[in-house]
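Engineer: Questions regarding the structure given below will be posed in turn.
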Amino acid sequence: MAPISIKSVLISESVDPRCKTILEENGIRVTEKQNMKKDELMAEIKNYDGLVVRSATKVTADVIDAASNLKIIGRAGTGVDNVDVDAATKKGVIVMNTPSGNTISAAELTCALLMSLSRNVPQAAMSMKQGNWDRKKFMGAELYGKVLGIVGLGRIGKEVASRMQSFGMRTIGYDPITPPEVSASWGVEQMSLEQLWPQCDYITVHTPLIPSTVGLLNDESFAKCKKGVKVVNCARGGIIDEAALLRALESGQCGGAGLDVFVEEPPKDRSLVNHPNVISCPHLGASTKEAQARCGEDVALQIVDMVNGKKLIGAVNAQVLASTFSQESHQLIKLGEAVGAVLQSCTTSKKPLSHVQITTEGDCMKSSTGYMTSSVLVGLLNHEPGCCPNLINVLSLAKEAGITVNQTHCASDGSASGVCKVEIVTNGCSYKASGSVQGGVPVLLELGGSVFRQPVSLTGNLLFFKASTNPQLLSSVAGLLVKQGVEIESFSAPADRTGELWYCVGVSSPLGDLSALKPLVQEAAQLTI
């Protein structure tokens, strides 16, 4: 990926001072403005290329739309539910988090709540402060030999498992992504949620808040649990249905809950907070000196690495960019965009575009299918009105436009370098082009069935025209160009000599009026790469 220019960053919340220091040491201007209201943020964000937030700043679609220069939103922490990721993606803005910055802190708080639930520590401490000595009232239970269900086996779930195993707990879990053999290596037996619920003495959730996890623990799932099960949520409010949890606490189906997060923060409805069997915290999962230092430092280093074209870590909505940090990938992206642009210019009058098929060939293209697809689409959609495509947003833009996109990869047909073949369907007609990278330069090998004898270097001002084979064709076109004050710098003819074929002329400047070619050719197009 070509380095993204980030010259100025707004930090809208309190983050570790190292964040500002690292950014400034790398030539990025930093402004810190905290506690801004939405309209203040919308007015301020117009001036910046980047925004760094924690969890309090709500980066809504309105804020993103107001940010005319914004290229990246850096979240100093893990969860990004305070950022409208879909709106950012459509705008072509990278959303980045720090996936490992608060892992240990969140895991340790989870363990603290599990232990507090088992021994009623906060309640006993509060009773002592009130002058009481109630040993019988706070009878607890050992964690040893109990079953802990961990829903979500990512970084935090893994750390919780290893710590609670040291208390002699049996750890079981569920995760739709982590392979069972991987979690088994940490001592966590995976199973379905239907199998997990009835076995657990304690349940802790460590998933993102997405549609499939909202209300994951609800009336139905509580009913399948052991009577008196205890639950912990240090992930995101809403994963446990708060109304269902209150009903389960009141009925005794749930024996206690440790909550660090709520649907509304701070919660206006205090029913759960005030319940005697609930231990609650004001979202302290990442509130340690170490986590804040780590998250602030990580988000700054990740931004700097991206700006310097080194690597991309933590991109929530731009995974396609992760493998675009080599010189080879830069060349292939240029190839994809150029081939897409050639087809776009040759079919400008034949809208709408309905289907795109991208086929990559050769081992060197095997890992590039994702970003090659996006780069071709960028070239195809770059001149659409009101459309500003980039590798981040182009797939969603194509979907919105009703364009069907397919991508395939196949083994090389014998050519030394990889080949990218593109076929588009527009207005019911099919158009094809193929290209490659030769000597570090993107070249066009074929256009509309015309295979060029000498590959076309996809750089500079290019004039394409389709015409019947004619010995006088080149001299006629050259004469017309001279009259227009345009010099020919290169000429590529098709290997075939029969029928209507595509030709390419490299020119000193674009032709002022393409219609001047009408007496000589069937079709004409030009572009500057």
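Within each chain, counting starts at residue 1; across the structure tokens, chains are named A, B, ... in the order shown, with ligands numbered 1 upward in that order.
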Asn274 of chain A: which residues within 12 Å, counting only C-alpha atoms, same-chain residues fewer than 5 positions away excluded, as an MDAnalysis selection string?

Structural biologist: chainID A and resid 123 246 249 257 259 267:269 279:281

Engineer: Can you spit out the residues from that selection as a PDB file, in the first residue's frame, using all heavy atoms?

Structural biologist:
ATOM      1  N   GLN A 123     -19.554  -7.122  49.239  1.00  0.00           N
ATOM      2  CA  GLN A 123     -20.654  -7.022  50.197  1.00  0.00           C
ATOM      3  C   GLN A 123     -20.130  -7.122  51.639  1.00  0.00           C
ATOM      4  O   GLN A 123     -20.574  -6.387  52.532  1.00  0.00           O
ATOM      5  CB  GLN A 123     -21.694  -8.120  49.944  1.00  0.00           C
ATOM      6  CG  GLN A 123     -22.393  -8.009  48.583  1.00  0.00           C
ATOM      7  CD  GLN A 123     -21.724  -8.849  47.500  1.00  0.00           C
ATOM      8  OE1 GLN A 123     -20.496  -8.991  47.494  1.00  0.00           O
ATOM      9  NE2 GLN A 123     -22.531  -9.375  46.570  1.00  0.00           N
ATOM     10  N   LEU A 246     -32.032  -9.442  35.404  1.00  0.00           N
ATOM     11  CA  LEU A 246     -32.733  -9.027  36.620  1.00  0.00           C
ATOM     12  C   LEU A 246     -33.802 -10.050  37.006  1.00  0.00           C
ATOM     13  O   LEU A 246     -33.933 -10.407  38.193  1.00  0.00           O
ATOM     14  CB  LEU A 246     -33.360  -7.646  36.418  1.00  0.00           C
ATOM     15  CG  LEU A 246     -34.009  -7.015  37.643  1.00  0.00           C
ATOM     16  CD1 LEU A 246     -32.995  -6.813  38.768  1.00  0.00           C
ATOM     17  CD2 LEU A 246     -34.662  -5.682  37.274  1.00  0.00           C
ATOM     18  N   LEU A 249     -32.057 -13.043  38.478  1.00  0.00           N
ATOM     19  CA  LEU A 249     -31.576 -12.760  39.830  1.00  0.00           C
ATOM     20  C   LEU A 249     -32.722 -12.815  40.833  1.00  0.00           C
ATOM     21  O   LEU A 249     -32.588 -13.364  41.935  1.00  0.00           O
ATOM     22  CB  LEU A 249     -30.912 -11.381  39.876  1.00  0.00           C
ATOM     23  CG  LEU A 249     -29.531 -11.267  39.210  1.00  0.00           C
ATOM     24  CD1 LEU A 249     -29.182  -9.805  38.955  1.00  0.00           C
ATOM     25  CD2 LEU A 249     -28.454 -11.926  40.068  1.00  0.00           C
ATOM     26  N   ALA A 257     -24.119 -11.659  39.749  1.00  0.00           N
ATOM     27  CA  ALA A 257     -23.562 -11.130  38.503  1.00  0.00           C
ATOM     28  C   ALA A 257     -22.485 -10.106  38.813  1.00  0.00           C
ATOM     29  O   ALA A 257     -22.623  -9.295  39.735  1.00  0.00           O
ATOM     30  CB  ALA A 257     -24.662 -10.492  37.650  1.00  0.00           C
ATOM     31  N   LEU A 259     -20.731  -7.095  36.894  1.00  0.00           N
ATOM     32  CA  LEU A 259     -20.938  -6.284  35.693  1.00  0.00           C
ATOM     33  C   LEU A 259     -19.987  -5.091  35.668  1.00  0.00           C
ATOM     34  O   LEU A 259     -20.012  -4.248  36.580  1.00  0.00           O
ATOM     35  CB  LEU A 259     -22.382  -5.788  35.629  1.00  0.00           C
ATOM     36  CG  LEU A 259     -23.479  -6.859  35.658  1.00  0.00           C
ATOM     37  CD1 LEU A 259     -24.856  -6.192  35.691  1.00  0.00           C
ATOM     38  CD2 LEU A 259     -23.359  -7.801  34.470  1.00  0.00           C
ATOM     39  N   PRO A 267     -25.582   3.900  33.852  1.00  0.00           N
ATOM     40  CA  PRO A 267     -26.969   3.418  33.764  1.00  0.00           C
ATOM     41  C   PRO A 267     -27.925   4.299  34.567  1.00  0.00           C
ATOM     42  O   PRO A 267     -27.689   4.562  35.740  1.00  0.00           O
ATOM     43  CB  PRO A 267     -26.884   2.005  34.353  1.00  0.00           C
ATOM     44  CG  PRO A 267     -25.681   2.023  35.238  1.00  0.00           C
ATOM     45  CD  PRO A 267     -24.720   2.995  34.639  1.00  0.00           C
ATOM     46  N   LYS A 268     -29.010   4.744  33.917  1.00  0.00           N
ATOM     47  CA  LYS A 268     -30.033   5.518  34.616  1.00  0.00           C
ATOM     48  C   LYS A 268     -30.928   4.595  35.431  1.00  0.00           C
ATOM     49  O   LYS A 268     -31.375   4.937  36.531  1.00  0.00           O
ATOM     50  CB  LYS A 268     -30.855   6.318  33.618  1.00  0.00           C
ATOM     51  CG  LYS A 268     -30.076   7.457  32.972  1.00  0.00           C
ATOM     52  CD  LYS A 268     -30.910   8.193  31.939  1.00  0.00           C
ATOM     53  CE  LYS A 268     -30.087   9.276  31.246  1.00  0.00           C
ATOM     54  NZ  LYS A 268     -30.843   9.917  30.142  1.00  0.00           N
ATOM     55  N   ASP A 269     -31.212   3.411  34.881  1.00  0.00           N
ATOM     56  CA  ASP A 269     -31.982   2.403  35.617  1.00  0.00           C
ATOM     57  C   ASP A 269     -31.011   1.688  36.556  1.00  0.00           C
ATOM     58  O   ASP A 269     -30.089   0.994  36.111  1.00  0.00           O
ATOM     59  CB  ASP A 269     -32.605   1.412  34.629  1.00  0.00           C
ATOM     60  CG  ASP A 269     -33.482   0.379  35.324  1.00  0.00           C
ATOM     61  OD1 ASP A 269     -33.376   0.226  36.566  1.00  0.00           O
ATOM     62  OD2 ASP A 269     -34.265  -0.291  34.628  1.00  0.00           O
ATOM     63  N   ILE A 279     -22.367  -7.290  41.705  1.00  0.00           N
ATOM     64  CA  ILE A 279     -21.159  -6.493  41.924  1.00  0.00           C
ATOM     65  C   ILE A 279     -20.938  -5.687  40.652  1.00  0.00           C
ATOM     66  O   ILE A 279     -20.809  -6.265  39.570  1.00  0.00           O
ATOM     67  CB  ILE A 279     -19.941  -7.400  42.188  1.00  0.00           C
ATOM     68  CG1 ILE A 279     -20.193  -8.292  43.401  1.00  0.00           C
ATOM     69  CG2 ILE A 279     -18.683  -6.567  42.367  1.00  0.00           C
ATOM     70  CD1 ILE A 279     -19.188  -9.418  43.531  1.00  0.00           C
ATOM     71  N   SER A 280     -20.926  -4.380  40.777  1.00  0.00           N
ATOM     72  CA  SER A 280     -20.807  -3.557  39.569  1.00  0.00           C
ATOM     73  C   SER A 280     -19.629  -2.604  39.651  1.00  0.00           C
ATOM     74  O   SER A 280     -19.240  -2.165  40.737  1.00  0.00           O
ATOM     75  CB  SER A 280     -22.103  -2.772  39.331  1.00  0.00           C
ATOM     76  OG  SER A 280     -22.388  -1.954  40.434  1.00  0.00           O
ATOM     77  N   CYS A 281     -19.082  -2.292  38.478  1.00  0.00           N
ATOM     78  CA  CYS A 281     -17.971  -1.350  38.344  1.00  0.00           C
ATOM     79  C   CYS A 281     -18.294  -0.376  37.211  1.00  0.00           C
ATOM     80  O   CYS A 281     -19.028  -0.717  36.282  1.00  0.00           O
ATOM     81  CB  CYS A 281     -16.667  -2.074  38.014  1.00  0.00           C
ATOM     82  SG  CYS A 281     -16.144  -3.290  39.239  1.00  0.00           S
TER      83      CYS A 281
END

Engineer: Give the strand (DSSP E) residues of segment 2-33 of chain A, as DSSP finds them on the backbone, and put them as a list of chain:residue names.

Structural biologist: A:Ser8, A:Val9, A:Leu10, A:Ile11, A:Arg29, A:Val30, A:Thr31, A:Glu32

Engineer: Take the residues from that selection and write them out as an mmCIF file, in the first residue's frame, keeping N, CA and C atoms.

Structural biologist:
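Dumped to result-v9.cif:
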data_model
loop_
_atom_site.group_PDB
_atom_site.id
_atom_site.type_symbol
_atom_site.label_atom_id
_atom_site.label_comp_id
_atom_site.auth_asym_id
_atom_site.auth_seq_id
_atom_site.Cartn_x
_atom_site.Cartn_y
_atom_site.Cartn_z
ATOM 1 N N SER A 8 -2.016 15.640 10.477
ATOM 2 C CA SER A 8 -2.592 16.205 11.699
ATOM 3 C C SER A 8 -3.559 15.222 12.333
ATOM 4 N N VAL A 9 -3.524 15.142 13.664
ATOM 5 C CA VAL A 9 -4.374 14.216 14.423
ATOM 6 C C VAL A 9 -5.028 14.963 15.579
ATOM 7 N N LEU A 10 -6.323 14.733 15.756
ATOM 8 C CA LEU A 10 -7.069 15.249 16.900
ATOM 9 C C LEU A 10 -7.240 14.129 17.920
ATOM 10 N N ILE A 11 -6.850 14.371 19.164
ATOM 11 C CA ILE A 11 -7.085 13.426 20.263
ATOM 12 C C ILE A 11 -8.219 14.002 21.097
ATOM 13 N N ARG A 29 1.282 16.664 13.450
ATOM 14 C CA ARG A 29 0.791 17.711 14.343
ATOM 15 C C ARG A 29 -0.376 17.164 15.162
ATOM 16 N N VAL A 30 -0.345 17.380 16.476
ATOM 17 C CA VAL A 30 -1.346 16.803 17.374
ATOM 18 C C VAL A 30 -2.048 17.910 18.156
ATOM 19 N N THR A 31 -3.379 17.825 18.198
ATOM 20 C CA THR A 31 -4.191 18.721 19.021
ATOM 21 C C THR A 31 -5.018 17.873 19.980
ATOM 22 N N GLU A 32 -5.010 18.249 21.258
ATOM 23 C CA GLU A 32 -5.818 17.539 22.256
ATOM 24 C C GLU A 32 -6.982 18.438 22.686
#

Engineer: So that I can see what lies close to Val425 of chain A, please list as JSON, numbers by chain the residues with an atom at most 10 Å from it, counting only C-alpha atoms and leaving out residues fewer than 4 positions away in the same chain.

Structural biologist: {"A": [347, 350, 351, 352, 353, 354, 355, 356, 357, 403, 404, 429, 430, 431, 432]}

Engineer: The selected residues should be written to file as a short mmCIF file (atom, residue, chain, number, x, y, z; two decimals), in the first residue's frame (atoms: N, CA and C atoms).

Structural biologist:
data_model
loop_
_atom_site.label_atom_id
_atom_site.label_comp_id
_atom_site.auth_asym_id
_atom_site.auth_seq_id
_atom_site.Cartn_x
_atom_site.Cartn_y
_atom_site.Cartn_z
N THR A 347 -15.57 2.14 -22.03
CA THR A 347 -17.00 1.81 -21.95
C THR A 347 -17.81 2.95 -21.34
N LYS A 350 -21.37 3.26 -22.27
CA LYS A 350 -22.14 2.01 -22.29
C LYS A 350 -22.58 1.61 -20.88
N LYS A 351 -23.12 2.54 -20.12
CA LYS A 351 -23.56 2.26 -18.76
C LYS A 351 -24.93 1.58 -18.80
N PRO A 352 -25.35 0.90 -17.71
CA PRO A 352 -24.64 0.78 -16.44
C PRO A 352 -23.77 -0.48 -16.37
N LEU A 353 -22.79 -0.44 -15.50
CA LEU A 353 -21.94 -1.59 -15.23
C LEU A 353 -22.70 -2.53 -14.30
N SER A 354 -22.79 -3.81 -14.68
CA SER A 354 -23.59 -4.75 -13.88
C SER A 354 -22.79 -5.91 -13.30
N HIS A 355 -21.68 -6.28 -13.93
CA HIS A 355 -20.95 -7.47 -13.48
C HIS A 355 -19.45 -7.28 -13.73
N VAL A 356 -18.65 -7.72 -12.76
CA VAL A 356 -17.19 -7.67 -12.90
C VAL A 356 -16.62 -9.02 -12.49
N GLN A 357 -15.81 -9.60 -13.36
CA GLN A 357 -15.13 -10.86 -13.06
C GLN A 357 -13.62 -10.60 -13.11
N ILE A 403 -23.57 -3.80 -8.52
CA ILE A 403 -22.58 -4.49 -9.36
C ILE A 403 -22.22 -5.83 -8.71
N THR A 404 -22.36 -6.90 -9.45
CA THR A 404 -21.95 -8.23 -8.97
C THR A 404 -20.46 -8.40 -9.23
N CYS A 429 -23.40 -6.07 -22.66
CA CYS A 429 -22.25 -6.44 -23.50
C CYS A 429 -21.02 -6.71 -22.63
N SER A 430 -20.19 -7.64 -23.09
CA SER A 430 -19.00 -8.04 -22.34
C SER A 430 -17.75 -7.35 -22.92
N TYR A 431 -16.87 -6.91 -22.02
CA TYR A 431 -15.61 -6.29 -22.42
C TYR A 431 -14.50 -6.88 -21.56
N LYS A 432 -13.36 -7.18 -22.20
CA LYS A 432 -12.28 -7.86 -21.50
C LYS A 432 -10.96 -7.11 -21.65
#

Engineer: Tell me which of A:Lys91, A:Lys289, A:Lys518, A:Arg453 sits closest to Val477 of chain A, counting only C-alpha atoms.

Structural biologist: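 Looking only at the distances to Val477 of chain A, the closest residue turns out to be A:Lys518.
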
Engineer: Any idea what the distance is between atom CA of Ser166 of chain A and atom CA of Tyr202 of chain A?

Structural biologist: 15.5 Å
